[in-house]
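One structure below.
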Amino acid sequence: MRIAIIDDEIEYQQKIGQICKEFGIQNQCSVDTVSFDSGEAFLNTFTKNSFAIIFMDIYMGGMDGITIASQIRQRDDRCLLIFLTISPEFMAEAFSFHAFEYITKPFTAERVTSVLKDALKFLPASPQYLEIVSKRKTIPVLLDDIVSAVTDAHYLEITLTSNATIRCRMTMPDFLRLVEHVPRFISVNKGITLNADHILDFKDSCCILDNGERFPVRVRDRLRIERAVRDYHFAKLRNRQRRGVYPPPRYKIAPSSDNPKWSTDFPVSFPLAALTEHSFSVSHKYIQAAVTSHRCLCNMAFSFISGLPDIIRYKLAL
């Protein structure tokens with residue numbers, strides 16, 4: 001996430017830059033800040049999509065923030081503009097350029113952090129990462145690349161999607177604290193945490209990953225663990241549906257005896273409302289023909305639905 005800071009006062013440039021960097025560390029997302037001491041300097045380098053967020057002072061020597069905003073909007077109508085000012089005098093005019101927020105100087109770190117949290121909800125997800133110390137080197141590891149983390153004595157072995165393994169001196173509680181706000185990481189047994197995006201199925205008290213690995217599941221918590229994985233995948237599915245983002249594979253929905261004339265193709269993230277309005281059967285052969293990378297998502301979604309018999313009526317045509 002690239003952030004521009006336009007302010008002719010070095011003090012505020014540095015303060016916002018530091019807050020942004022700390023925010024990136026706390027939220028495990030990559031943040032790159034670039035400071036400019038004038039609107040002219042910024043516009044000389046600015047192009048569409050070059051910055052996700054722009055902090056900009058309204059009162060500056062030379063070109064003022066309102067004039068700069070009008071030129072920004074001529075080139076980019078999607079970046080988030082956050083105005084900085086000592087007075088709310090130009091607030092109405094600032095918002096005419098679709099300003100995201102208006103921060104009054106002097107400001108606190110809490111105020112800027114709150115605005116960044118709100119902004120993050122409107123931006124495409126930035127790759128999240130952990131900094132892992134292994135063999136006296138600090139290695140940035142994307143959370144998307146982590147498949148599993150397994151305790152080995154006083155060390156943690158982290159397996160990546162590339163099949164590489166990073167061995168670091170870290171306890172499992174320490175690892176779980178680092179990813180506590182990342183729902184995809186689920187503890188399935190003592191000393192074993194898995195990335196739900198790579199969980200394919202549960203069978204014989206084991207969790208099966210898409211790379212073929214099997215891990216034992218804590219027997220007394222098996223149902224809770226399976227539900228946690230289903231809930232994660234269903235929440236991910238619904239989030240895609242709300243944003244209008246549909247994965248490529250489509251699944252054939254066959255008409256049921258209750259609705260013999262109703263038949264259509266739904267993407268994997270079809271609206272839940274459609275399920276409550278129709279009783280249908282899903283042809284197993286179509287699901288088997290789906291792209292393998294979506295097997296887990298499909299399995300978990302339908303498993304979740306099967307847990308709601310009072311809301312949804314369906315049967316699988318096996």
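By convention in this document, the chains of the structure tokens carry letters A, B, ... by their order, each chain's residues are numbered from 1, and ligands are numbered from 1 in the order they are shown.
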
10 Å contact set for Arg75 of chain A, only C-alpha atoms, chain neighbours under 5 positions out, as a PyMOL selection string: chain A and resi 46-49+70

Distance query Asn195 of chain A at most 6 Å, only C-alpha atoms, self and fewer than 6 positions along chain excluded, as a list in words: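 The residues that qualify are Val147, Arg184 and Phe185 of chain A.
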
12 Å contact set for Ser35 of chain A, only C-alpha atoms, chain neighbours under 6 positions out, as a list in words: Arg2, Ile3, Ala4, Ile5, Ile6, Asp7, Asp8, Glu9, Ile10, Glu11, Tyr12, Gln13, Gln14, Lys15, Ile16, Gly17, Gln18, Cys20, Ala41, Phe42, Thr45, Phe51, Ile54, Phe55, Met56 and Asp57 of chain A

Polymer residues at most 8 Å from Thr171 of chain A, only C-alpha atoms, same-chain spacing of 2 or more positions, as an NGL selection string: :A and (151 or 154-156 or 169 or 173-175)

Could the residues in this selection be written to a file with C-alpha atoms, as a compact mmCIF listing (two decimals), in the first residue's frame?
```txt
# COMPACT_ATOMS: atom_id res chain seq x y z
CA THR A 151 6.21 -27.13 16.89
CA HIS A 154 11.81 -25.07 21.08
CA TYR A 155 11.53 -24.35 17.36
CA LEU A 156 8.73 -23.82 14.87
CA ARG A 169 13.17 -20.24 17.29
CA PRO A 173 1.81 -19.28 21.46
CA ASP A 174 4.10 -16.58 20.04
CA PHE A 175 3.08 -17.50 16.48
```

Contacts of segment 100-106 of chain A at 10 Å (only C-alpha atoms; same-chain gap of 2+ positions) as a PyMOL selection string: chain A and resi 12+53-57+79-88+90-91+94-95+97-98+108+111-112+115-116+118-119
